[in-house]
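Engineer: My structure is below; once you've seen it, I'll send some questions.
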Amino acid sequence: MYFSLWVELSYLFSSVLFVFGLKKLQSPDTARTGNRLAALAMLIAIVATLIDNEILGWIGIAGGMVLGSLIGGILARTVKMTDMPQLVGAFNGFGGGASALVASAELVRVQGIGDTLTLSSGLTITLSCLIGMVTFSGSFVAFGKLQGIVTGSPITFPFQKTFNGFLFLVLLILGISVMGIFNIGGISSLAIFSIFSAIALLLGILLVIPIGGADMPVVISLLNSYSGLAASAAGFVIANNALIISGALVGAAGLILTMIMCKAMNRSLANVAFGAFGAEGAAATQNGSSDKIARSVDPEGAAMILAYAQSVIVVPGYGLAVAQAQHDLRKVMDNLEERGVDVKYAVHPVAGRMPGHMNVLLAEADVSYEKLFDLDEINDDFERTDVVLVVGANDVVNPEAHNPQSVIAGMPILDVDRAKSVIIMKRSLSPGFAGIDNPLFYMDHSMMLFGDAKESMVELAKEVREA
């Protein structure tokens with residue numbers, strides 16, 4: 001009795017640590033502490049669960065913890081910043097898959113001892129399996145899109161939404177059968193559950209393939225929410241309070257983040273899920289069309305403009321992550337600050353391929369958190385800024401968002417076109433994920449610095465020092 005009390009107290013303590021850890025993640029200054037608190041909470045919950053259920057001996061527990069920590073540490077140290085969204089997607093998938101396996105194991109256990117599922121147990125098992133399987137397959141489709149294994153364009157076919165609706169209906173019928181409300185032709189519950197799981201996997205694939213590359217930040221955060229909900233449902237399956245609370249926290253936080261991402265793109269969640277937005281358009285050439293001429297600038301010219309400015313705002317995008325040029329960017333900005341230039345960084349919520357991608361990228365280069373500003377904080381500063389340096393960003397600075405006829409109409413953007421001068425570092429004039437041209441490239445006060453961002457940034461740092 002006393003032992004069970006200590007286990008429950010451990011779960012309660014870990015839940016409190018989860019809440020405090022999540023709270024500290026609200027600020028970059030305390031985010032590392034929050035992450036450590038959450039990791040400690042998970043460690044306590046795992047150890048308490050393993051001991052309480054006598055699943056493994058101490059040697060097995062220690063071995064699993066060491067192996068898991070080793071794998072996690074290696075991944076954290078070696079993954080490229082461009083691959084971070086894929087890693088998060090894979091983590092979401094494994095989380096959902098683990099929850100589905102827990103639900104499956106509980107059903108097998110009940111069937112094995114000849115017991116009958118209660119309505120509440122059957123409901124939690126089916127929900128955990130459904131959400132977990134959808135999360136698992138959907139996350140790895142998202143992984144494939146981000147990795148380039150699967151096309152980033154929306155994949156659609158005739159009557160796709162109708163077919164998805166039919167699958168939902170079939171899952172509902174099978175789920176009710178698994179719960180024991182009625183039998184289907186004398187088929188065993190395990191056989192029905194296997195069919196249920198397979199259809200859930202298929203549904204996860206079909207729900208993600210019509211979503212284009214432009215919406216990947218929303219998809220990643222939504223699947224993160226799904227993985228939390230699956231874990232919470234699994235907690236009800238095995239009556240584990242720590243899993244219920246931590247899963248609910250992840251689910252709620254992921255859903256809130258998803259809504260923030262949708263707001264940042266001025267789109268509803270339904271439009272993201274079913275709009276097939278983000279088809280890859282035909283890439284524009286460096287010279288543009290006959291009636292659009294983009295002015296180019298070399299690193300020496302760009303360095304002169306930056307060095308003699310009083311204020312500079314940097315807008316990072318996915319191209320910065322691809323080129324791994326964040327450290328060289330910081331060197332350029334450090335040189336400018338030594339010359340008395342006021343330097344700030346404007347970070348759009350959906351810049352990159354996952355929420356917070358640019359914040360993590362700049363933090364890796366030790367850019368001070370105080371210099372990072374979100375869209376609402378900095379948008380009014382652009383008209384008072386001498387030079388804006390756009391590094392690998394496209395859609396988040398596209399003035400077409402102000403055009404009511406555009407596919408990105410109403411999307412909140414960084415209004416860099418209001419600055420006195422704009423330097424855009426890009427390989428070409430190709431469109432972004434939204435697949436549309438960017439008028440910013442052709443404006444009179446805009447200049448294109450073509451080339452690889454890292455190579456251009458190295459040259460830029462050299463020229464700024466010599467300016």
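Ordering of the structure tokens sets the chain letters (A, B, ...), residue numbers begin anew at 1 in every chain, and ligands are numbered from 1 in the order given.
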Do you know which residues are at most 8 Å from Gly392 in chain A counting only C-alpha atoms, after dropping those on the same chain fewer than 4 positions away, and could you put them as a CSV table (one decimal) with N, CA and C atoms, in the first residue's frame?

Structural biologist:
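Saved the output as part_4.csv:
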chain,number,residue,atom,x,y,z
A,316,PRO,N,15.6,36.0,-41.5
A,316,PRO,CA,16.0,34.6,-41.8
A,316,PRO,C,14.9,33.7,-42.4
A,317,GLY,N,15.3,32.8,-43.3
A,317,GLY,CA,14.3,31.9,-43.9
A,317,GLY,C,15.0,30.5,-44.0
A,318,TYR,N,14.2,29.6,-44.6
A,318,TYR,CA,14.7,28.2,-44.7
A,318,TYR,C,16.0,28.1,-45.5
A,319,GLY,N,16.2,29.0,-46.4
A,319,GLY,CA,17.5,29.0,-47.2
A,319,GLY,C,18.7,29.2,-46.3
A,320,LEU,N,18.5,29.9,-45.2
A,320,LEU,CA,19.7,30.1,-44.2
A,320,LEU,C,20.0,28.7,-43.6
A,424,ILE,N,18.2,40.9,-50.9
A,424,ILE,CA,17.7,39.5,-50.8
A,424,ILE,C,18.7,38.5,-51.2
A,425,MET,N,19.1,37.7,-50.3
A,425,MET,CA,20.1,36.6,-50.6
A,425,MET,C,19.3,35.4,-51.0
A,426,LYS,N,19.5,34.9,-52.3
A,426,LYS,CA,18.8,33.8,-52.8
A,426,LYS,C,19.6,33.2,-53.9
A,453,ALA,N,24.0,30.9,-49.9
A,453,ALA,CA,24.0,31.8,-48.8
A,453,ALA,C,25.3,31.8,-48.0

Engineer: I need the residues in range 44-134 of chain A that are alpha helix (DSSP H) according to DSSP; give them as an NGL selection string.

Structural biologist: :A and (44-53 or 58-78 or 84-112 or 119-134)

Engineer: Need to verify the contact set: range 91-101 of chain A, 7 Å, only C-alpha atoms, exclusion of same-chain residues closer than 2 positions in sequence. Can you return it as a list in words?

Structural biologist: Leu87, Val88, Gly89, Ala103, Ser104, Ala105, Ser128, Cys129, Gly132, Met133, Thr135, Phe136, Ser137, Ser139, Phe140, Leu223, Asn224, Ser227, Ala230, Ala231 and Ala234 of chain A

Engineer: Would you work out the distance separating CA of Asn335 in chain A from CA of Val297 in chain A, expressed in Å to one decimal?

Structural biologist: 19.9 Å

Engineer: Give me every strand (DSSP E or B) residue in range 112-328 of chain A, going by DSSP on the backbone, as number ranges by chain.

Structural biologist: A: 296, 311-316
